[in-house]
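Next up, protein_31.txt (compact mmCIF, C-alpha atoms and all ligand atoms):
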```txt
# COMPACT_ATOMS: atom_id res chain seq x y z
CA MET A 1 -28.55 64.11 19.49
CA PRO A 2 -26.40 65.55 22.34
CA ASN A 3 -27.72 64.86 25.87
CA GLN A 4 -30.32 62.48 24.50
CA LYS A 5 -31.46 60.17 27.32
CA LYS A 6 -30.91 56.45 26.82
CA ALA A 7 -33.44 53.86 28.00
CA PHE A 8 -32.87 50.11 28.07
CA ILE A 9 -35.94 47.85 28.08
CA THR A 10 -35.99 44.11 28.74
CA GLY A 11 -39.19 42.48 27.47
CA ILE A 12 -39.57 44.97 24.62
CA THR A 13 -41.40 42.39 22.48
CA GLY A 14 -44.15 42.09 25.12
CA GLN A 15 -47.34 44.09 25.57
CA ASP A 16 -45.86 46.65 27.99
CA GLY A 17 -42.50 46.82 26.21
CA SER A 18 -44.18 47.98 23.00
CA TYR A 19 -46.23 50.72 24.72
CA LEU A 20 -43.27 51.86 26.82
CA ALA A 21 -41.01 52.09 23.75
CA GLU A 22 -43.63 54.27 22.00
CA PHE A 23 -43.97 56.46 25.11
CA LEU A 24 -40.20 56.97 25.48
CA LEU A 25 -39.65 57.62 21.76
CA ALA A 26 -42.29 60.37 21.98
CA LYS A 27 -40.16 61.86 24.78
CA ASP A 28 -37.08 61.76 22.52
CA TYR A 29 -35.29 58.94 24.30
CA LYS A 30 -32.87 56.69 22.47
CA VAL A 31 -34.50 53.30 23.09
CA TYR A 32 -32.62 50.00 23.29
CA GLY A 33 -34.65 46.81 23.59
CA MET A 34 -33.35 43.40 24.57
CA THR A 35 -34.66 40.35 22.74
CA ARG A 36 -33.73 36.72 23.23
CA ARG A 37 -32.89 34.26 20.51
CA SER A 38 -35.93 32.63 18.95
CA SER A 39 -36.31 30.31 15.98
CA THR A 40 -39.20 32.41 14.69
CA ASP A 41 -39.74 36.16 14.40
CA ASN A 42 -41.72 37.48 17.40
CA LEU A 43 -41.32 41.22 16.83
CA GLU A 44 -44.96 41.74 15.82
CA ARG A 45 -45.78 44.24 18.60
CA ILE A 46 -42.77 46.44 17.77
CA GLU A 47 -42.69 46.01 13.99
CA HIS A 48 -43.86 49.62 13.52
CA LEU A 49 -40.93 50.85 15.68
CA ARG A 50 -38.16 48.80 14.10
CA ASP A 51 -36.36 51.72 12.43
CA LYS A 52 -36.64 53.88 15.57
CA ILE A 53 -35.29 51.54 18.26
CA GLU A 54 -32.12 49.54 18.64
CA ILE A 55 -32.48 45.82 19.27
CA VAL A 56 -29.77 44.14 21.34
CA HIS A 57 -29.57 40.40 21.99
CA GLY A 58 -29.49 38.89 25.45
CA ASP A 59 -31.35 36.63 27.83
CA LEU A 60 -32.43 37.04 31.44
CA ILE A 61 -30.85 33.68 32.20
CA ASP A 62 -27.46 34.77 30.87
CA GLN A 63 -25.61 37.14 33.22
CA SER A 64 -22.78 37.86 30.78
CA SER A 65 -25.16 39.02 28.05
CA ILE A 66 -26.88 41.53 30.35
CA THR A 67 -23.61 42.84 31.80
CA SER A 68 -22.04 43.39 28.36
CA ILE A 69 -25.14 45.15 27.04
CA LEU A 70 -25.31 47.55 30.00
CA LYS A 71 -21.55 48.18 29.87
CA GLU A 72 -21.80 49.09 26.21
CA ILE A 73 -25.00 51.19 26.30
CA GLN A 74 -24.55 52.98 29.67
CA PRO A 75 -28.30 53.70 29.88
CA ASP A 76 -29.83 56.46 32.00
CA GLU A 77 -32.90 54.33 32.69
CA ILE A 78 -33.42 50.56 32.83
CA TYR A 79 -36.92 49.07 32.63
CA ASN A 80 -36.93 45.38 33.58
CA LEU A 81 -40.17 44.14 32.02
CA ALA A 82 -39.04 40.70 30.85
CA ALA A 83 -40.50 37.71 32.66
CA GLN A 84 -42.39 34.45 32.25
CA SER A 85 -45.58 36.41 32.88
CA PHE A 86 -48.40 33.87 32.50
CA VAL A 87 -49.47 32.79 36.00
CA LYS A 88 -51.02 29.45 34.92
CA SER A 89 -47.78 28.31 33.23
CA SER A 90 -45.85 28.92 36.43
CA TRP A 91 -47.27 25.70 37.90
CA SER A 92 -46.16 23.66 34.87
CA GLU A 93 -42.80 25.49 34.57
CA PRO A 94 -41.97 26.57 38.13
CA LEU A 95 -38.19 26.42 37.78
CA ALA A 96 -38.05 28.39 34.53
CA THR A 97 -40.41 30.93 36.10
CA GLY A 98 -38.14 31.24 39.14
CA GLU A 99 -35.11 31.69 36.87
CA PHE A 100 -36.60 34.39 34.61
CA THR A 101 -39.17 36.12 36.77
CA GLY A 102 -37.23 35.90 40.05
CA LEU A 103 -33.48 35.52 39.55
CA GLY A 104 -33.62 37.44 36.26
CA VAL A 105 -34.26 40.61 38.26
CA LEU A 106 -31.14 40.02 40.35
CA ARG A 107 -29.06 39.48 37.21
CA VAL A 108 -30.10 42.86 35.82
CA LEU A 109 -29.54 44.60 39.17
CA GLU A 110 -26.13 42.97 39.61
CA ALA A 111 -25.08 44.01 36.10
CA MET A 112 -26.27 47.56 36.81
CA ARG A 113 -24.41 47.67 40.14
CA GLN A 114 -21.20 46.60 38.44
CA VAL A 115 -21.20 48.60 35.22
CA CYS A 116 -23.73 51.48 35.42
CA PRO A 117 -24.63 52.14 39.09
CA LYS A 118 -25.83 55.68 38.34
CA ALA A 119 -28.66 54.43 36.11
CA LYS A 120 -32.27 54.40 37.34
CA PHE A 121 -33.98 51.02 37.54
CA TYR A 122 -37.65 50.04 37.23
CA GLN A 123 -38.82 46.56 38.25
CA ALA A 124 -42.12 45.22 36.87
CA SER A 125 -43.63 43.90 40.09
CA SER A 126 -47.14 42.55 40.26
CA SER A 127 -50.37 42.71 42.25
CA GLU A 128 -50.23 38.89 42.15
CA MET A 129 -47.77 39.25 45.07
CA PHE A 130 -50.75 40.23 47.27
CA GLY A 131 -52.48 36.92 46.49
CA SER A 132 -55.02 36.25 49.21
CA ALA A 133 -54.50 39.54 51.08
CA PRO A 134 -57.85 41.37 51.41
CA ALA A 135 -58.69 44.13 48.91
CA PRO A 136 -57.99 46.99 48.44
CA GLN A 137 -54.24 46.43 48.45
CA SER A 138 -51.69 49.23 48.96
CA GLU A 139 -47.89 49.50 49.31
CA LYS A 140 -48.35 48.59 52.99
CA THR A 141 -50.37 45.39 52.44
CA PRO A 142 -48.40 42.23 53.37
CA PHE A 143 -47.82 39.81 50.49
CA HIS A 144 -49.37 36.33 50.36
CA PRO A 145 -48.34 34.95 46.95
CA ARG A 146 -50.45 32.08 45.55
CA SER A 147 -48.42 30.81 42.55
CA PRO A 148 -44.79 30.11 41.63
CA TYR A 149 -45.07 33.24 39.46
CA ALA A 150 -46.16 35.39 42.40
CA VAL A 151 -43.47 33.92 44.68
CA SER A 152 -40.85 34.76 42.01
CA LYS A 153 -42.21 38.32 41.75
CA VAL A 154 -41.94 38.70 45.55
CA PHE A 155 -38.25 37.81 45.24
CA GLY A 156 -37.88 40.34 42.40
CA HIS A 157 -39.58 43.01 44.50
CA TYR A 158 -37.50 42.46 47.63
CA ILE A 159 -34.19 42.17 45.80
CA THR A 160 -34.98 45.52 44.16
CA VAL A 161 -35.66 47.07 47.59
CA ASN A 162 -32.55 45.36 48.96
CA TYR A 163 -30.24 46.68 46.22
CA ARG A 164 -31.64 50.16 46.83
CA GLU A 165 -30.98 49.87 50.56
CA SER A 166 -27.64 48.02 50.31
CA TYR A 167 -25.96 49.91 47.47
CA GLY A 168 -27.93 53.16 47.20
CA LEU A 169 -29.11 52.30 43.67
CA PHE A 170 -32.01 54.31 42.25
CA ALA A 171 -34.25 51.23 42.06
CA CYS A 172 -38.06 51.35 42.03
CA SER A 173 -40.64 48.59 42.17
CA GLY A 174 -43.93 49.29 40.40
CA ILE A 175 -46.63 47.01 41.81
CA LEU A 176 -48.94 47.01 38.82
CA PHE A 177 -52.42 45.53 38.79
CA ASN A 178 -53.70 43.80 35.63
CA HIS A 179 -53.41 45.98 32.55
CA GLU A 180 -54.68 44.99 29.18
CA SER A 181 -54.90 46.14 25.57
CA PRO A 182 -55.43 44.80 22.05
CA ARG A 183 -51.72 43.79 22.28
CA ARG A 184 -52.30 41.50 25.29
CA GLY A 185 -51.08 37.90 24.86
CA MET A 186 -53.87 35.60 23.64
CA GLU A 187 -53.62 33.28 26.69
CA PHE A 188 -54.69 35.98 29.19
CA VAL A 189 -58.38 36.02 30.00
CA THR A 190 -59.27 39.49 28.65
CA ARG A 191 -57.77 38.93 25.20
CA LYS A 192 -59.09 35.38 25.13
CA ILE A 193 -62.60 36.68 25.82
CA ALA A 194 -62.33 39.59 23.34
CA ASN A 195 -61.07 37.19 20.67
CA GLY A 196 -63.72 34.55 21.45
CA VAL A 197 -66.54 37.10 21.37
CA ALA A 198 -65.29 38.52 18.06
CA LYS A 199 -65.21 34.99 16.57
CA ILE A 200 -68.76 34.34 17.79
CA LYS A 201 -69.88 37.67 16.35
CA LEU A 202 -68.36 36.78 12.97
CA GLY A 203 -69.88 33.27 13.05
CA LEU A 204 -66.49 31.53 13.30
CA THR A 205 -67.34 29.62 16.49
CA ASP A 206 -70.24 29.23 18.91
CA GLU A 207 -68.33 28.48 22.11
CA LEU A 208 -66.04 30.25 24.59
CA SER A 209 -64.42 27.99 27.23
CA LEU A 210 -63.30 29.61 30.45
CA GLY A 211 -62.25 28.68 33.99
CA ASN A 212 -63.12 30.57 37.20
CA LEU A 213 -65.70 33.26 36.39
CA ASP A 214 -65.85 34.54 40.00
CA ALA A 215 -62.26 35.83 40.27
CA LYS A 216 -62.12 39.63 40.46
CA ARG A 217 -59.43 41.75 38.89
CA ASP A 218 -58.61 45.44 38.74
CA TRP A 219 -58.24 45.85 34.96
CA GLY A 220 -56.69 48.99 33.46
CA PHE A 221 -55.21 49.99 30.10
CA ALA A 222 -51.51 49.18 29.48
CA GLY A 223 -50.97 52.49 27.64
CA ASP A 224 -51.82 54.39 30.86
CA TYR A 225 -49.57 52.23 33.02
CA VAL A 226 -46.29 52.74 31.12
CA LYS A 227 -46.53 56.43 31.96
CA ALA A 228 -46.55 55.50 35.67
CA MET A 229 -43.37 53.43 35.15
CA TRP A 230 -41.62 56.45 33.66
CA LEU A 231 -42.94 58.83 36.34
CA MET A 232 -41.44 56.62 39.09
CA LEU A 233 -37.98 57.14 37.57
CA GLN A 234 -38.44 60.93 37.34
CA GLN A 235 -38.92 61.38 41.12
CA LYS A 236 -36.23 62.79 43.41
CA ASN A 237 -35.97 59.53 45.37
CA PRO A 238 -36.56 55.91 44.41
CA ASP A 239 -39.67 54.30 45.90
CA ASP A 240 -42.33 51.63 45.34
CA TYR A 241 -45.84 52.36 44.04
CA VAL A 242 -49.12 50.52 43.55
CA ILE A 243 -50.72 51.24 40.15
CA GLY A 244 -54.30 50.29 39.24
CA THR A 245 -57.81 51.72 38.81
CA ASN A 246 -59.32 51.00 42.28
CA GLU A 247 -62.21 49.17 40.54
CA SER A 248 -62.58 45.43 40.42
CA HIS A 249 -64.81 43.27 38.23
CA THR A 250 -65.35 39.53 37.95
CA VAL A 251 -64.30 37.55 34.88
CA ARG A 252 -68.05 36.98 34.38
CA GLU A 253 -68.60 40.76 34.19
CA PHE A 254 -65.74 41.11 31.69
CA ALA A 255 -67.36 38.42 29.53
CA GLU A 256 -70.86 39.92 29.80
CA GLU A 257 -69.58 43.41 28.94
CA SER A 258 -67.61 42.01 25.98
CA PHE A 259 -70.65 40.27 24.50
CA CYS A 260 -72.62 43.47 25.09
CA ALA A 261 -69.94 45.49 23.21
CA ALA A 262 -70.41 43.11 20.26
CA GLY A 263 -74.21 43.49 20.43
CA ILE A 264 -74.81 39.91 21.67
CA LYS A 265 -77.44 39.69 24.43
CA ASP A 266 -77.94 35.96 25.17
CA TRP A 267 -74.27 35.56 26.07
CA GLN A 268 -74.57 32.76 28.67
CA LYS A 269 -75.37 30.17 26.00
CA TYR A 270 -71.92 30.58 24.45
CA VAL A 271 -69.83 30.34 27.65
CA LYS A 272 -68.69 26.89 28.81
CA ILE A 273 -66.76 26.13 31.99
CA ASP A 274 -63.73 23.92 31.47
CA SER A 275 -61.81 22.76 34.54
CA LYS A 276 -58.55 22.78 32.59
CA PHE A 277 -58.55 26.59 32.92
CA MET A 278 -58.85 26.45 36.75
CA ARG A 279 -55.73 27.01 38.87
CA PRO A 280 -54.34 24.97 41.79
CA ALA A 281 -54.60 28.12 43.92
CA GLU A 282 -56.64 31.15 42.89
CA VAL A 283 -56.35 34.86 43.69
CA MET A 284 -59.95 35.89 44.31
CA GLU A 285 -59.86 39.66 44.45
CA LEU A 286 -57.34 42.31 43.45
CA ARG A 287 -58.23 45.99 43.75
CA ALA A 288 -55.62 48.73 43.98
CA ASP A 289 -55.44 51.50 46.55
CA ILE A 290 -53.68 54.11 44.38
CA THR A 291 -53.61 56.96 46.93
CA LYS A 292 -49.80 57.12 46.94
CA ALA A 293 -49.45 57.17 43.12
CA LYS A 294 -52.12 59.87 42.88
CA ASN A 295 -50.48 62.06 45.53
CA LYS A 296 -46.79 61.55 44.74
CA LEU A 297 -46.71 60.82 41.01
CA ASN A 298 -49.81 62.82 40.12
CA TRP A 299 -50.85 59.73 38.13
CA LYS A 300 -54.34 58.40 37.50
CA PRO A 301 -55.76 55.97 34.95
CA GLU A 302 -57.43 57.58 31.93
CA ILE A 303 -59.26 54.55 30.52
CA LYS A 304 -61.89 52.78 32.61
CA PHE A 305 -63.38 49.30 32.48
CA LYS A 306 -66.16 49.68 29.87
CA GLU A 307 -63.95 51.67 27.50
CA LEU A 308 -61.20 49.08 27.80
CA VAL A 309 -63.55 46.19 27.04
CA LYS A 310 -65.00 48.02 24.03
CA MET A 311 -61.50 48.84 22.73
CA MET A 312 -60.40 45.20 22.96
CA VAL A 313 -63.53 43.68 21.41
CA GLU A 314 -63.64 46.18 18.54
CA ALA A 315 -59.92 45.66 17.84
CA GLU A 316 -60.48 41.88 17.60
CA ILE A 317 -63.46 42.25 15.27
CA THR A 318 -61.44 44.63 13.05
CA ARG A 319 -58.39 42.36 13.09
CA LEU A 320 -60.33 39.21 12.19
CA SER A 321 -62.44 41.03 9.58
CA SER A 322 -59.30 42.41 7.91
CA LYS A 323 -58.05 38.83 7.54
CA GLY A 324 -61.12 38.12 5.46
CA TYR A 325 -63.12 36.16 8.07
P1 LIG B 401 -45.55 39.81 28.19
O1 LIG B 401 -46.39 40.41 27.12
O2 LIG B 401 -45.72 38.37 28.52
O3 LIG B 401 -44.01 40.08 27.81
C1 LIG B 401 -42.98 39.42 28.49
C2 LIG B 401 -41.66 39.79 27.83
O4 LIG B 401 -40.59 39.13 28.54
C3 LIG B 401 -41.54 39.37 26.36
O5 LIG B 401 -40.89 40.39 25.66
C4 LIG B 401 -40.65 38.13 26.44
O6 LIG B 401 -39.90 37.90 25.29
C5 LIG B 401 -39.72 38.57 27.57
N1 LIG B 401 -38.96 37.44 28.16
C6 LIG B 401 -39.47 36.35 28.76
N2 LIG B 401 -38.46 35.55 29.17
C7 LIG B 401 -37.30 36.15 28.81
C8 LIG B 401 -35.93 35.83 28.95
N3 LIG B 401 -35.53 34.70 29.53
N4 LIG B 401 -35.00 36.70 28.48
C9 LIG B 401 -35.38 37.84 27.86
N5 LIG B 401 -36.67 38.20 27.68
C10 LIG B 401 -37.62 37.37 28.15
O7 LIG B 401 -45.75 40.63 29.55
P2 LIG B 401 -46.38 42.09 29.79
O8 LIG B 401 -47.83 41.95 30.00
O9 LIG B 401 -45.82 43.03 28.80
O10 LIG B 401 -45.77 42.41 31.23
C11 LIG B 401 -44.49 43.03 31.37
C12 LIG B 401 -43.95 42.76 32.77
O11 LIG B 401 -44.86 43.27 33.74
C13 LIG B 401 -43.77 41.29 33.12
O12 LIG B 401 -42.65 41.20 33.96
C14 LIG B 401 -45.03 40.94 33.89
O13 LIG B 401 -44.78 39.86 34.76
C15 LIG B 401 -45.25 42.23 34.64
N6 LIG B 401 -46.63 42.55 35.00
C16 LIG B 401 -47.60 42.54 34.03
C17 LIG B 401 -48.89 42.89 34.37
C18 LIG B 401 -49.99 42.91 33.35
O14 LIG B 401 -51.16 42.93 33.76
N7 LIG B 401 -49.67 42.94 32.06
C19 LIG B 401 -49.19 43.26 35.70
C20 LIG B 401 -48.17 43.27 36.64
C21 LIG B 401 -46.88 42.93 36.28
P3 LIG B 401 -40.39 36.87 24.12
O15 LIG B 401 -41.18 37.72 23.17
O16 LIG B 401 -39.11 36.38 23.57
O17 LIG B 401 -41.22 35.81 24.78
O1 LIG B 402 -55.76 36.96 32.59
P1 LIG B 402 -55.14 36.10 33.62
O2 LIG B 402 -54.40 34.90 33.16
O3 LIG B 402 -54.24 37.07 34.50
P2 LIG B 402 -53.66 36.96 35.98
O4 LIG B 402 -53.50 35.56 36.42
O5 LIG B 402 -54.46 37.86 36.85
O6 LIG B 402 -52.19 37.56 35.78
C1 LIG B 402 -51.96 38.75 35.03
O7 LIG B 402 -52.00 39.86 35.89
C2 LIG B 402 -50.97 39.89 36.90
C3 LIG B 402 -51.20 41.15 37.74
O8 LIG B 402 -52.13 40.90 38.74
C4 LIG B 402 -49.63 39.89 36.23
F1 LIG B 402 -48.65 39.96 37.16
C5 LIG B 402 -49.47 38.64 35.38
O9 LIG B 402 -48.21 38.69 34.69
C6 LIG B 402 -50.59 38.61 34.35
O10 LIG B 402 -50.40 39.69 33.46
O11 LIG B 402 -56.27 35.59 34.64
C7 LIG B 402 -57.14 36.48 35.28
C8 LIG B 402 -58.22 35.70 36.03
C9 LIG B 402 -57.68 34.56 36.91
O12 LIG B 402 -58.36 34.59 38.14
C10 LIG B 402 -58.04 33.29 36.15
O13 LIG B 402 -58.27 32.15 36.97
O14 LIG B 402 -59.06 35.06 35.07
C11 LIG B 402 -59.33 33.74 35.50
N1 LIG B 402 -59.72 32.95 34.32
C12 LIG B 402 -60.93 32.35 34.13
N2 LIG B 402 -60.93 31.69 32.98
C13 LIG B 402 -58.94 32.67 33.27
C14 LIG B 402 -59.70 31.88 32.41
N3 LIG B 402 -57.67 33.03 32.97
C15 LIG B 402 -57.15 32.62 31.78
N4 LIG B 402 -55.91 33.02 31.45
N5 LIG B 402 -57.86 31.82 30.91
C16 LIG B 402 -59.14 31.43 31.19
O15 LIG B 402 -59.76 30.70 30.41
```

Show me the file's structure as structure tokens.
Ligand code: NAP
Ligand code: G4F
Amino acid sequence: MPNQKKAFITGITGQDGSYLAEFLLAKDYKVYGMTRRSSTDNLERIEHLRDKIEIVHGDLIDQSSITSILKEIQPDEIYNLAAQSFVKSSWSEPLATGEFTGLGVLRVLEAMRQVCPKAKFYQASSSEMFGSAPAPQSEKTPFHPRSPYAVSKVFGHYITVNYRESYGLFACSGILFNHESPRRGMEFVTRKIANGVAKIKLGLTDELSLGNLDAKRDWGFAGDYVKAMWLMLQQKNPDDYVIGTNESHTVREFAEESFCAAGIKDWQKYVKIDSKFMRPAEVMELRADITKAKNKLNWKPEIKFKELVKMMVEAEITRLSSKGY
């Protein structure tokens, strides 16, 4: 197709990568997704898109792979979503997290600067960077990262800002608060709860072990958030934006609402606290101030907390039931 826009996505096999690829395909983009070598097939989230997207092989740790891919594709837009994204693992694998989640951003930016400086760049920054800063958090809130993951994301954020200011690159940092979906990785608390509740509902287990129930998060729907990523790259000038719902709930509330969505009332008897799910340093409350995104991007979340919980629990019950459980 002449004049078809080309988008390059790192992390296409992840939750956000799959929703973003769907969103861009619907806008007639030619979509290229980078995957790293793995001994097993991990394309489950993008299986339904396999004949519509082009998979290219590379790794965030390997500068030459990223540079050659960008040189060859010459994308209009680059979405850097790849990262070691599980906060808890960043204490057990701090160096790998720093390499992928921190330095990986610089590798993509450096490749872009050298071989396609006219492209537009999106960096997947995180509300984790705010850490212990009081809620609500906006673009002006100072960072206080509380994990090796968050520290790596702060590097990724500032190197994005720095490449914009040093080289005039169109580089944006989207500071996204937690966003979830039935495609969320099983280790994250929302999917873990939805899955556990579905198993309890189907009589497959009678226990759900969790860590800190008092932590509060601003949970939105991943499908809404990929639109915000795209909108950032359609603006006249590159900038940074906070994206969330401006509502926060405790993990306890997420669990209670999930049991309620499955029609289980006496939920407390199933939930056990296990210290192995606690973190060396916790982020107690994240809640987004999305004034800037609303005013400048004309973006707002469509799906709210209760709808999100219901969607995730029902999807787990359907998935497990279809497997014959
Ligand atoms: P995810 O499901 O964990 O996906 C992470 C992706 O990164 C996967 O495709 C993974 O590939 C890829 N990846 C990891 N290391 C890599 C490497 N060395 N080289 C190439 N690819 C690599 O994460 P997500 O929830 O979609 O989040 C997307 C991005 O947004 C991440 O950067 C995350 O930190 C950030 N973020 C997420 C949230 C949220 O609430 N979801 C909020 C703020 C920011 P494999 O399949 O090979 O593992
Ligand atoms: O679901 P979580 O593991 O997500 P977390 O740490 O907030 O990080 C996610 O959101 C960030 C944006 O703010 C992203 F940047 C990051 O990549 C990731 O997508 O944990 C949420 C909360 C934490 O306070 C945790 O301590 O839930 C608490 N929690 C309580 N029990 C648990 C558990 N978390 C997990 N994963 N497992 C538990 O059993």

If you take only C-alpha atoms and a cut-off of 6 Å, which residues of segment 167-243 of chain A touch segment 293-312 of chain A, and what are their nearest atom pairs and distances in Å to one decimal, in chain and number order, as a Markdown table?
```
| residue | atom | partner | partner_atom | distance |
| --- | --- | --- | --- | --- |
| A:Pro182 | CA | A:Met312 | CA | 5.1 |
| A:Ala194 | CA | A:Met312 | CA | 5.9 |
| A:Asp224 | CA | A:Pro301 | CA | 5.9 |
```

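Here atom P3 of ligand LIG 401 (chain B) and atom CA of Val154 of chain A stand 21.6 Å from one another.
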
Quick one: of A:Pro134, A:Gly223, A:Gly263, A:Pro142, who's nearest to ligand LIG 401 (chain B), counting only C-alpha atoms and all ligand atoms?
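Looking at the shortest contact to ligand LIG 401 (chain B), the residue is A:Gly223.
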
Which protein, DNA or RNA residues have an atom within 8 Å of ligand LIG 402 (chain B), counting all atoms listed in the file, as a PDB file with C-alpha atoms, keeping the file's coordinate frame?
```pdb
ATOM      1  CA  GLN A  84     -42.390  34.450  32.250  1.00  0.00           C
ATOM      2  CA  SER A  85     -45.580  36.410  32.880  1.00  0.00           C
ATOM      3  CA  PHE A  86     -48.400  33.870  32.500  1.00  0.00           C
ATOM      4  CA  VAL A  87     -49.470  32.790  36.000  1.00  0.00           C
ATOM      5  CA  LYS A  88     -51.020  29.450  34.920  1.00  0.00           C
ATOM      6  CA  SER A 125     -43.630  43.900  40.090  1.00  0.00           C
ATOM      7  CA  SER A 126     -47.140  42.550  40.260  1.00  0.00           C
ATOM      8  CA  SER A 127     -50.370  42.710  42.250  1.00  0.00           C
ATOM      9  CA  GLU A 128     -50.230  38.890  42.150  1.00  0.00           C
ATOM     10  CA  MET A 129     -47.770  39.250  45.070  1.00  0.00           C
ATOM     11  CA  TYR A 149     -45.070  33.240  39.460  1.00  0.00           C
ATOM     12  CA  ALA A 150     -46.160  35.390  42.400  1.00  0.00           C
ATOM     13  CA  LEU A 176     -48.940  47.010  38.820  1.00  0.00           C
ATOM     14  CA  PHE A 177     -52.420  45.530  38.790  1.00  0.00           C
ATOM     15  CA  ASN A 178     -53.700  43.800  35.630  1.00  0.00           C
ATOM     16  CA  HIS A 179     -53.410  45.980  32.550  1.00  0.00           C
ATOM     17  CA  GLU A 187     -53.620  33.280  26.690  1.00  0.00           C
ATOM     18  CA  PHE A 188     -54.690  35.980  29.190  1.00  0.00           C
ATOM     19  CA  VAL A 189     -58.380  36.020  30.000  1.00  0.00           C
ATOM     20  CA  THR A 190     -59.270  39.490  28.650  1.00  0.00           C
ATOM     21  CA  ARG A 191     -57.770  38.930  25.200  1.00  0.00           C
ATOM     22  CA  LYS A 192     -59.090  35.380  25.130  1.00  0.00           C
ATOM     23  CA  SER A 209     -64.420  27.990  27.230  1.00  0.00           C
ATOM     24  CA  LEU A 210     -63.300  29.610  30.450  1.00  0.00           C
ATOM     25  CA  GLY A 211     -62.250  28.680  33.990  1.00  0.00           C
ATOM     26  CA  ASN A 212     -63.120  30.570  37.200  1.00  0.00           C
ATOM     27  CA  LEU A 213     -65.700  33.260  36.390  1.00  0.00           C
ATOM     28  CA  ASP A 214     -65.850  34.540  40.000  1.00  0.00           C
ATOM     29  CA  ALA A 215     -62.260  35.830  40.270  1.00  0.00           C
ATOM     30  CA  LYS A 216     -62.120  39.630  40.460  1.00  0.00           C
ATOM     31  CA  ARG A 217     -59.430  41.750  38.890  1.00  0.00           C
ATOM     32  CA  ASP A 218     -58.610  45.440  38.740  1.00  0.00           C
ATOM     33  CA  VAL A 251     -64.300  37.550  34.880  1.00  0.00           C
ATOM     34  CA  ASP A 274     -63.730  23.920  31.470  1.00  0.00           C
ATOM     35  CA  PHE A 277     -58.550  26.590  32.920  1.00  0.00           C
ATOM     36  CA  MET A 278     -58.850  26.450  36.750  1.00  0.00           C
ATOM     37  CA  ARG A 279     -55.730  27.010  38.870  1.00  0.00           C
ATOM     38  CA  GLU A 282     -56.640  31.150  42.890  1.00  0.00           C
ATOM     39  CA  VAL A 283     -56.350  34.860  43.690  1.00  0.00           C
ATOM     40  CA  MET A 284     -59.950  35.890  44.310  1.00  0.00           C
ATOM     41  CA  LEU A 286     -57.340  42.310  43.450  1.00  0.00           C
TER      42      LEU A 286
END
```

Set the distance at 6 Å and use only C-alpha atoms: which residues neighbour Tyr270 of chain A once local chain neighbours fewer than 5 positions away are removed? I'd like the list as a ChimeraX atom specification.
/A:206-208

Selection file, C-alpha atoms, as a PDB file, in the frame of the given file:
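Here's the written file again_30.pdb:
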```
ATOM      1  CA  ASP A 206     -70.240  29.230  18.910  1.00  0.00           C
ATOM      2  CA  GLU A 207     -68.330  28.480  22.110  1.00  0.00           C
ATOM      3  CA  LEU A 208     -66.040  30.250  24.590  1.00  0.00           C
TER       4      LEU A 208
END
```

Leaving out Gly102 of chain A and any residue of its chain fewer than 6 positions from it, which residues lie within 10 Å of it when counting all atoms listed in the file, given as a ChimeraX atom specification?
/A:60,83-84,95-96,148-157,159

Residues up to 8 Å from ligand LIG 401 (chain B), counting only C-alpha atoms and all ligand atoms: could you list those as JSON, numbers by chain?
{"A": [10, 11, 12, 13, 14, 15, 16, 17, 18, 34, 35, 36, 37, 38, 42, 43, 58, 59, 60, 61, 80, 81, 82, 83, 84, 85, 86, 99, 100, 101, 104, 123, 124, 125, 126, 127, 128, 153, 175, 176, 177, 178, 179, 180, 183, 184, 185, 219, 222]}

I'd like the neighbourhood of segment 110-118 of chain A as a ChimeraX atom specification, where a residue qualifies if any of its atoms comes within 12 Å (using all atoms listed in the file), though same-chain residues fewer than 4 positions away should be ignored.
/A:8,60,62-80,103-106,122,159-160,162-164,166-171

Could you work out how far atom CA of Met229 of chain A lies from atom CA of Lys52 of chain A, giving the answer in Å with one decimal?
20.7 Å
